[in-house]
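Source file: start_26.txt. Holds: compact mmCIF, C-alpha atoms.
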# COMPACT_ATOMS: atom_id res chain seq x y z
CA MET A 1 116.09 385.07 147.30
CA GLY A 2 114.66 385.23 150.86
CA MET A 3 114.62 382.32 153.30
CA GLU A 4 110.86 381.81 152.91
CA SER A 5 111.11 381.76 149.12
CA PHE A 6 114.04 379.35 149.33
CA TRP A 7 112.08 376.97 151.55
CA GLN A 8 109.09 377.02 149.20
CA PHE A 9 111.32 376.39 146.21
CA SER A 10 113.04 373.43 147.91
CA GLN A 11 109.70 371.69 148.61
CA GLU A 12 108.53 371.73 144.99
CA PRO A 13 109.40 368.64 142.92
CA ARG A 14 112.07 369.13 140.35
CA TYR A 15 112.07 367.02 137.23
CA SER A 16 114.46 366.51 134.39
CA PHE A 17 113.41 366.16 130.82
CA HIS A 18 114.06 362.41 130.65
CA SER A 19 111.07 360.05 130.36
CA THR A 20 112.62 356.77 131.49
CA PHE A 21 111.22 354.91 134.55
CA TYR A 22 111.00 351.47 136.12
CA ILE A 23 108.59 349.63 138.42
CA ARG A 24 109.80 346.90 140.82
CA GLY A 25 107.33 344.62 142.55
CA SER A 26 108.21 342.22 145.39
CA ARG A 27 106.07 339.76 147.35
CA ASN A 28 105.93 340.07 151.14
CA THR A 29 104.79 337.54 153.74
CA ASN A 30 101.15 338.62 153.39
CA ASN A 31 101.16 337.78 149.68
CA SER A 32 100.81 341.47 148.79
CA VAL A 33 103.11 343.46 146.55
CA ASP A 34 105.43 346.26 147.62
CA MET A 35 106.21 348.59 144.72
CA ALA A 36 109.02 351.04 144.39
CA ILE A 37 108.57 353.47 141.49
CA SER A 38 111.47 355.51 140.33
CA MET A 39 111.09 357.70 137.34
CA GLU A 40 111.87 360.98 135.78
CA ASN A 41 109.15 363.25 134.46
CA PRO A 42 106.30 361.09 135.85
CA GLN A 43 103.62 363.68 135.10
CA ASP A 44 103.83 362.90 131.38
CA PRO A 45 100.35 361.50 130.47
CA GLY A 46 101.91 358.68 128.48
CA ASN A 47 104.10 357.62 131.39
CA VAL A 48 101.17 357.77 133.80
CA ALA A 49 99.17 355.39 131.59
CA VAL A 50 102.07 352.95 131.36
CA ILE A 51 102.58 353.07 135.12
CA GLU A 52 98.90 352.33 135.79
CA ARG A 53 98.96 349.43 133.35
CA ASP A 54 102.07 347.88 134.96
CA ILE A 55 100.63 348.29 138.45
CA GLU A 56 97.54 346.31 137.35
CA LEU A 57 99.79 343.61 135.88
CA ILE A 58 101.75 343.32 139.13
CA LYS A 59 98.54 343.04 141.14
CA HIS A 60 97.28 340.33 138.81
CA GLU A 61 100.53 338.34 138.94
CA SER A 62 100.69 338.62 142.74
CA SER A 63 97.70 336.30 143.04
CA TYR A 64 99.79 333.43 141.68
CA PRO A 65 102.63 331.74 143.61
CA LEU A 66 106.09 332.73 142.56
CA LYS A 67 108.12 329.95 141.00
CA ARG A 68 111.15 328.91 143.03
CA LYS A 69 114.44 328.35 141.38
CA PRO A 70 115.16 324.59 141.16
CA SER A 71 117.86 323.31 143.49
CA ARG A 72 121.22 322.30 142.11
CA THR A 73 120.49 318.68 142.94
CA LEU A 74 117.23 318.77 140.97
CA LEU A 75 118.91 320.48 138.03
CA TYR A 76 121.64 317.84 138.09
CA LEU A 77 119.09 315.03 138.08
CA ARG A 78 117.16 316.65 135.23
CA ASN A 79 120.26 317.03 133.13
CA ARG A 80 121.80 313.67 133.94
CA ALA A 81 118.76 311.43 134.32
CA ASN A 82 118.47 308.62 131.86
CA THR A 83 117.60 304.93 132.02
CA SER A 84 121.10 303.73 132.81
CA ASN A 85 121.74 306.35 135.50
CA VAL A 86 118.40 305.68 137.21
CA THR A 87 119.10 301.93 137.17
CA ILE A 88 122.51 302.48 138.74
CA MET A 89 121.03 304.71 141.46
CA VAL A 90 118.30 302.17 142.31
CA LEU A 91 120.76 299.26 142.44
CA SER A 92 123.17 301.30 144.57
CA SER A 93 120.35 302.07 147.04
CA ILE A 94 119.34 298.41 147.26
CA LEU A 95 122.93 297.30 147.80
CA GLY A 96 123.36 299.95 150.49
CA ILE A 97 120.28 298.74 152.33
CA LEU A 98 121.42 295.11 152.10
CA LEU A 99 124.87 296.01 153.38
CA PHE A 100 123.39 297.86 156.36
CA HIS A 101 121.05 294.91 157.00
CA ARG A 102 123.89 292.40 157.12
CA VAL A 103 126.28 294.55 159.16
CA PHE A 104 123.66 295.35 161.78
CA SER A 105 122.41 291.75 161.99
CA LEU A 106 125.98 290.51 162.43
CA TYR A 107 126.53 293.04 165.19
CA MET A 108 123.34 292.00 167.00
CA SER A 109 124.12 288.29 166.64
CA HIS A 110 127.55 288.67 168.25
CA ARG A 111 126.49 290.31 171.51
CA ARG A 112 127.65 288.39 174.56
CA TRP A 113 125.11 287.28 177.15
CA ILE A 114 125.16 285.59 180.54
CA ASN A 115 122.33 283.90 182.42
CA ALA A 116 120.27 286.21 184.60
CA PRO A 117 120.43 285.36 188.34
CA ILE A 118 116.89 283.92 188.24
CA THR A 119 118.23 281.02 186.15
CA TYR A 120 119.72 279.63 189.36
CA MET A 121 116.83 280.56 191.67
CA GLU A 122 113.68 278.56 192.33
CA ARG A 123 110.18 280.01 192.60
CA PRO A 124 106.79 278.27 192.71
CA CYS A 125 104.81 277.74 189.50
CA ARG A 126 101.05 277.44 189.81
CA SER A 127 99.59 274.08 188.91
CA PRO A 128 97.01 274.03 186.10
CA GLN A 129 93.59 275.14 187.30
CA TYR A 130 91.86 272.25 185.54
CA GLU A 131 91.81 268.48 185.72
CA THR A 132 94.76 266.99 183.84
CA LEU A 133 95.16 263.80 181.83
CA LYS A 134 96.08 260.72 183.85
CA ASP A 135 96.00 258.14 181.06
CA ASP A 136 99.56 257.26 179.95
CA SER A 137 98.25 255.40 176.90
CA SER A 138 97.72 258.62 174.90
CA LYS A 139 100.11 259.04 171.98
CA ILE A 140 101.95 262.32 172.43
CA CYS A 141 104.12 263.77 169.68
CA ILE A 142 106.61 266.65 169.72
CA THR A 143 107.75 268.49 166.64
CA THR A 144 110.16 271.28 165.71
CA LEU A 145 112.07 272.44 162.63
CA THR A 146 114.85 274.67 161.32
CA ASP A 147 115.51 276.36 157.98
CA SER A 148 119.10 275.05 157.84
CA LYS A 149 117.84 272.41 155.37
CA SER A 150 116.05 274.98 153.25
CA THR A 151 117.12 275.19 149.61
CA SER A 152 116.25 278.90 149.49
CA ARG A 153 119.61 280.63 149.87
CA PHE A 154 117.97 284.03 149.42
CA GLN A 155 115.64 283.39 152.34
CA ARG A 156 118.52 282.29 154.56
CA PHE A 157 120.58 285.31 153.49
CA MET A 158 117.77 287.77 154.20
CA ARG A 159 116.83 286.50 157.65
CA TRP A 160 117.60 288.95 160.44
CA ARG A 161 118.53 286.51 163.18
CA ASN A 162 121.04 283.71 162.89
CA PHE A 163 119.37 280.33 163.41
CA ASP A 164 122.22 278.25 162.00
CA GLY A 165 123.01 275.24 164.16
CA ILE A 166 120.42 275.84 166.87
CA LEU A 167 118.36 272.70 166.17
CA GLU A 168 121.57 270.68 166.18
CA LEU A 169 122.22 272.16 169.63
CA THR A 170 118.77 271.41 171.06
CA TRP A 171 117.78 268.26 169.15
CA GLN A 172 119.55 265.81 171.46
CA ASN A 173 118.02 267.53 174.48
CA LYS A 174 114.54 267.08 173.02
CA LEU A 175 115.26 263.54 171.85
CA ASP A 176 116.47 262.47 175.30
CA TYR A 177 113.32 263.90 176.84
CA ALA A 178 111.05 262.18 174.30
CA ASN A 179 112.76 258.82 174.79
CA LYS A 180 112.53 259.14 178.57
CA HIS A 181 108.74 259.41 178.48
CA GLY A 182 107.90 257.47 175.33
CA TYR A 183 106.99 260.43 173.12
CA LEU A 184 107.50 260.68 169.34
CA LEU A 185 109.89 263.46 168.24
CA PHE A 186 109.51 264.62 164.62
CA ASP A 187 111.78 266.98 162.65
CA GLY A 188 109.56 268.97 160.30
CA SER A 189 112.38 270.76 158.47
CA ASP A 190 111.64 268.94 155.21
CA LEU A 191 108.13 270.43 155.18
CA ILE A 192 109.26 274.08 155.01
CA ASP A 193 107.34 276.20 152.51
CA THR A 194 109.96 278.57 151.07
CA SER A 195 107.31 281.03 149.87
CA ARG A 196 106.98 282.19 153.49
CA PRO A 197 109.34 282.75 156.42
CA PRO A 198 110.19 279.34 157.96
CA ALA A 199 108.26 279.97 161.19
CA TRP A 200 104.99 279.61 159.31
CA SER A 201 105.86 275.99 158.46
CA LYS A 202 105.25 274.97 162.08
CA ILE A 203 101.60 274.81 160.99
CA LEU A 204 102.47 272.27 158.29
CA ALA A 205 104.57 270.19 160.69
CA VAL A 206 101.75 269.95 163.26
CA LEU A 207 99.18 269.17 160.55
CA HIS A 208 101.41 266.40 159.25
CA LEU A 209 101.48 264.70 162.64
CA LEU A 210 97.76 265.10 163.17
CA ASN A 211 97.00 263.56 159.78
CA GLU A 212 99.77 261.03 159.22
CA ASP A 213 100.95 259.73 162.60
CA LYS A 214 97.59 259.83 164.34
CA CYS A 215 98.98 261.45 167.48
CA ASP A 216 96.44 262.12 170.22
CA TRP A 217 98.26 265.33 171.15
CA VAL A 218 100.94 267.29 169.28
CA MET A 219 103.28 269.68 171.06
CA TRP A 220 105.04 272.27 168.94
CA THR A 221 108.34 273.66 170.29
CA ASP A 222 110.45 276.29 168.54
CA ALA A 223 114.01 275.19 167.81
CA ASP A 224 115.28 277.79 170.32
CA THR A 225 113.73 275.97 173.29
CA VAL A 226 115.42 273.71 175.84
CA VAL A 227 113.81 271.12 178.12
CA MET A 228 115.20 272.19 181.50
CA ASN A 229 113.41 269.78 183.82
CA SER A 230 113.01 266.38 182.15
CA ASN A 231 111.09 265.01 185.12
CA ARG A 232 108.03 267.01 184.13
CA ARG A 233 105.64 265.05 181.91
CA ILE A 234 103.42 266.55 179.23
CA GLN A 235 100.50 264.64 180.74
CA ASP A 236 100.91 266.84 183.82
CA PHE A 237 99.32 269.79 182.01
CA ILE A 238 97.17 268.20 179.28
CA PRO A 239 93.46 268.73 180.10
CA ALA A 240 91.21 265.73 180.64
CA ASP A 241 88.19 267.68 179.32
CA PRO A 242 87.62 266.43 175.72
CA THR A 243 86.21 269.82 174.66
CA LYS A 244 89.55 271.57 175.25
CA HIS A 245 91.65 271.41 172.09
CA LEU A 246 94.38 274.05 172.39
CA LEU A 247 96.92 274.90 175.09
CA VAL A 248 98.88 278.12 174.59
CA GLY A 249 100.90 280.43 176.83
CA SER A 250 100.82 284.20 177.09
CA ASP A 251 103.19 286.56 175.31
CA ASN A 252 104.97 289.71 176.44
CA GLY A 253 102.88 292.74 175.59
CA GLY A 254 99.60 290.81 175.54
CA GLY A 255 98.11 288.02 173.49
CA TYR A 256 99.62 284.57 173.10
CA ASN A 257 102.96 283.12 172.05
CA SER A 258 103.17 280.59 169.23
CA GLY A 259 106.66 279.36 170.20
CA VAL A 260 105.20 276.48 172.23
CA PHE A 261 101.63 275.17 172.04
CA LEU A 262 99.72 271.87 172.18
CA LEU A 263 96.81 270.66 170.05
CA ARG A 264 94.45 267.74 170.51
CA ASN A 265 93.90 265.62 167.38
CA THR A 266 90.40 266.81 166.49
CA GLU A 267 88.66 268.37 163.52
CA TRP A 268 88.54 271.64 165.46
CA SER A 269 92.34 271.64 165.69
CA ARG A 270 92.81 270.96 161.99
CA GLN A 271 90.42 273.76 161.10
CA PHE A 272 92.24 276.08 163.50
CA LEU A 273 95.56 275.35 161.78
CA GLN A 274 94.03 275.84 158.34
CA ASP A 275 92.50 279.18 159.34
CA TRP A 276 95.85 280.24 160.76
CA TRP A 277 97.68 279.27 157.55
CA ASP A 278 95.15 281.18 155.44
CA MET A 279 95.95 284.51 157.16
CA ARG A 280 98.26 285.53 154.32
CA SER A 281 98.03 289.25 155.04
CA PHE A 282 100.21 288.68 158.12
CA VAL A 283 103.08 287.05 156.20
CA ARG A 284 106.18 289.28 156.47
CA PRO A 285 108.84 289.64 153.76
CA PRO A 286 112.08 287.66 154.15
CA GLY A 287 114.63 289.29 156.42
CA MET A 288 112.24 290.80 158.96
CA ALA A 289 112.91 290.11 162.63
CA LEU A 290 109.34 288.82 162.96
CA SER A 291 107.71 286.39 160.54
CA GLY A 292 104.10 287.39 161.18
CA ASP A 293 102.91 283.96 162.32
CA ASN A 294 102.66 284.99 165.95
CA ASN A 295 100.63 288.12 165.18
CA ALA A 296 98.37 286.04 162.97
CA MET A 297 97.69 283.59 165.77
CA LYS A 298 97.03 286.43 168.21
CA ALA A 299 94.48 287.94 165.84
CA LEU A 300 92.84 284.56 165.24
CA LEU A 301 92.48 283.82 168.95
CA ARG A 302 91.38 287.36 169.75
CA GLU A 303 88.42 287.10 167.39
CA MET A 304 87.56 283.46 168.10
CA PRO A 305 83.94 283.27 169.29
CA ASP A 306 84.36 279.90 171.04
CA PHE A 307 87.72 280.68 172.68
CA ASN A 308 86.58 279.91 176.23
CA GLN A 309 85.01 276.62 175.17
CA HIS A 310 88.09 275.17 173.47
CA VAL A 311 91.25 277.03 174.55
CA LEU A 312 93.22 276.97 177.80
CA SER A 313 96.10 279.26 178.78
CA PRO A 314 97.84 278.11 181.96
CA ALA A 315 100.62 280.06 183.63
CA ARG A 316 103.50 280.51 181.20
CA CYS A 317 105.92 278.72 183.51
CA THR A 318 103.89 275.55 182.87
CA PHE A 319 105.51 274.88 179.49
CA ASN A 320 106.84 278.10 177.91
CA SER A 321 109.00 280.07 180.36
CA PHE A 322 110.95 282.89 178.70
CA ALA A 323 114.66 282.72 179.51
CA LYS A 324 116.32 285.95 180.67
CA PHE A 325 119.86 286.95 179.71
CA LEU A 326 121.91 290.00 180.60
CA THR A 327 125.12 291.59 179.46
CA LEU A 328 127.86 291.74 182.07
CA SER A 329 127.28 295.46 182.66
CA GLU A 330 123.53 294.88 183.07
CA GLN A 331 124.23 292.11 185.57
CA MET A 332 126.37 294.44 187.67
CA ASN A 333 123.68 297.12 187.62
CA VAL A 334 120.75 294.93 188.72
CA ILE A 335 122.40 292.59 191.20
CA SER A 336 122.03 295.04 194.11
CA HIS A 337 118.28 295.60 193.51
CA LEU A 338 117.20 292.30 191.98
CA ASP A 339 113.79 292.30 193.64
CA GLU A 340 112.87 295.45 191.70
CA GLN A 341 113.15 293.75 188.30
CA LYS A 342 109.89 292.78 186.60
CA TRP A 343 111.24 289.31 185.76
CA TYR A 344 112.26 288.49 189.32
CA ASN A 345 109.96 285.77 190.78
CA SER A 346 107.70 286.16 187.72
CA GLU A 347 105.87 283.12 186.38
CA ASP A 348 106.53 284.41 182.89
CA TYR A 349 110.32 284.02 183.08
CA TYR A 350 112.39 280.91 183.53
CA HIS A 351 113.45 280.02 187.07
CA LYS A 352 115.22 276.89 188.17
CA GLY A 353 112.89 273.89 188.09
CA ASP A 354 110.60 275.05 185.27
CA PHE A 355 109.82 272.52 182.55
CA LEU A 356 111.07 274.40 179.48
CA ALA A 357 113.00 277.58 178.63
CA HIS A 358 112.39 279.62 175.47
CA THR A 359 114.69 282.34 174.02
CA PRO A 360 112.50 284.70 171.95
CA GLY A 361 113.94 288.07 170.98
CA TYR A 362 117.64 287.20 171.27
CA ASP A 363 119.79 287.36 168.15
CA ASN A 364 122.80 285.39 169.35
CA LYS A 365 120.69 282.32 169.99
CA ALA A 366 123.44 279.71 169.80
CA ASP A 367 125.32 281.18 172.77
CA CYS A 368 122.08 281.64 174.73
CA LEU A 369 121.10 278.01 174.15
CA ARG A 370 124.51 276.74 175.23
CA LEU A 371 124.10 278.59 178.50
CA LEU A 372 120.72 276.94 179.06
CA LEU A 373 121.87 273.46 178.05
CA HIS A 374 124.60 273.68 180.66
CA GLU A 375 121.89 274.05 183.33
CA ALA A 376 119.36 271.53 181.94
CA ARG A 377 118.71 268.36 183.90
Just give me the structure as structure tokens.
Amino acid sequence: MGMESFWQFSQEPRYSFHSTFYIRGSRNTNNSVDMAISMENPQDPGNVAVIERDIELIKHESSYPLKRKPSRTLLYLRNRANTSNVTIMVLSSILGILLFHRVFSLYMSHRRWINAPITYMERPCRSPQYETLKDDSSKICITTLTDSKSTSRFQRFMRWRNFDGILELTWQNKLDYANKHGYLLFDGSDLIDTSRPPAWSKILAVLHLLNEDKCDWVMWTDADTVVMNSNRRIQDFIPADPTKHLLVGSDNGGGYNSGVFLLRNTEWSRQFLQDWWDMRSFVRPPGMALSGDNNAMKALLREMPDFNQHVLSPARCTFNSFAKFLTLSEQMNVISHLDEQKWYNSEDYYHKGDFLAHTPGYDNKADCLRLLLHEAR
């Protein structure tokens, strides 16, 4: 055989007499099908027909997504799932969440704080930009409350921050101030509605005084507040204008803070409190860091059409200065550039000589309040 004949012979397909074959289809990223056909004796008319049929089947099936093999976890759940196992898994998840909740809240409530340097520094606080009450005959009442008397153990267990003992710490401070100026101090703890977080019951305590004790003005103060300057009288910032019914300070981040506010005994004030109480969509579940009452009041005031006619918001240092605390490491870091801190010389934060200090946002409130009480006068 010559070279040319050999080359021609090698290029011709050679087939055996077997008729077996297979077709393999695989999906690529473009959702098309790559086919590899391996067969023997493919020119058999019967085999050609079968091949064409299978190619059409592969094309048809390629238009549908391929089923993925279930994961081992899913297979385990399918095989093991029953009522008792599902119940155990749900209860285990709930217990895990509760355990994390308590551990983290305990950690946050045991952080150690010290007074920020501004606690010992004076700065001016603007006087109210309106005429104030001069008549000492007005009956002024102060109220506060704590959930330590609450019968709801679940509610006390679920709360995020530890409020145990804080009213006992601040009560005498408030009582001494009230006695000094002839004000009535009322503990509203017995009025707590356990269907909501305790902070909402401030509304009930203020309503009680407006309706039962016939106070001309009622001042609400959160239990985590301390009267720092007892020489300041409430009459010094109560408006003389009879059309002004609500005094409220600003809050960090915008809006107003419900930790301290004053209401005149009028029908407008009672309706305001009722509207505030009726904002049930803002009520948070037990255990949340925030109760929802403050956001509800912000929303109510934001949409109030007669806000300017009936509401006044003096500088926060007038009656609701926010106390500032630092950890020891934070104190060391800021002491060399104190004037760069946003709270330095700010009317929003407590400085020596302000009327009242408030401790919102701190978990270890008892220690914070002890630090303030040591400086109160």
Could you make a table, as JSON lines, of the residues of range 153-237 of chain A that have an atom within 7 Å of an atom of range 117-135 of chain A, each with its nearest atom pair and distance in Å to one decimal, counting only C-alpha atoms, in chain and number order?
{"residue": "A:Gln235", "atom": "CA", "partner": "A:Leu133", "partner_atom": "CA", "distance": 5.5}
{"residue": "A:Asp236", "atom": "CA", "partner": "A:Thr132", "partner_atom": "CA", "distance": 6.2}
{"residue": "A:Phe237", "atom": "CA", "partner": "A:Thr132", "partner_atom": "CA", "distance": 5.7}
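Among the candidate residues A:Ile166, A:Cys141, A:Ala299, A:Val206, the one lying nearest to Asp367 in chain A is A:Ile166, with distances computed using all atoms listed in the file.
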Please provide the set of residues having any atom within 6 Å of Met219 in chain A, restricted to all atoms listed in the file, with same-chain residues fewer than 5 positions apart removed, written as a short mmCIF file (atom, residue, chain, number, x, y, z; two decimals) with C-alpha atoms, in the frame of the given file.
data_model
loop_
_atom_site.label_atom_id
_atom_site.label_comp_id
_atom_site.auth_asym_id
_atom_site.auth_seq_id
_atom_site.Cartn_x
_atom_site.Cartn_y
_atom_site.Cartn_z
CA ILE A 142 106.61 266.65 169.72
CA PHE A 261 101.63 275.17 172.04
CA LEU A 262 99.72 271.87 172.18
#
request  = Have a look at CA of Ile335 in chain A and CA of Trp113 in chain A and let me know their distance in Å, one decimal.
outcome  =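 So the answer is 15.3 Å.
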Grab all the atoms of range 332-339 of chain A that the file lists, wrap them in a box along x, y and z, add 6 Å per side, and give me centre plus edge lengths in Å (one decimal) as lines of an AutoDock Vina configuration file.
center_x = 120.1
center_y = 294.7
center_z = 190.9
size_x = 24.6
size_y = 16.8
size_z = 18.5
key: Atomic separation - CA of Met297 in chain A relative to CA of Arg284 in chain A, Å   =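 Rounded to one decimal, the two atoms are 13.8 Å apart.
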message = Would you compute the distance between CA of Thr143 in chain A and CA of Ile234 in chain A? Give it in Å to one decimal.
response =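 Answer for the CA of Thr143 in chain A to CA of Ile234 in chain A separation: 13.5 Å.
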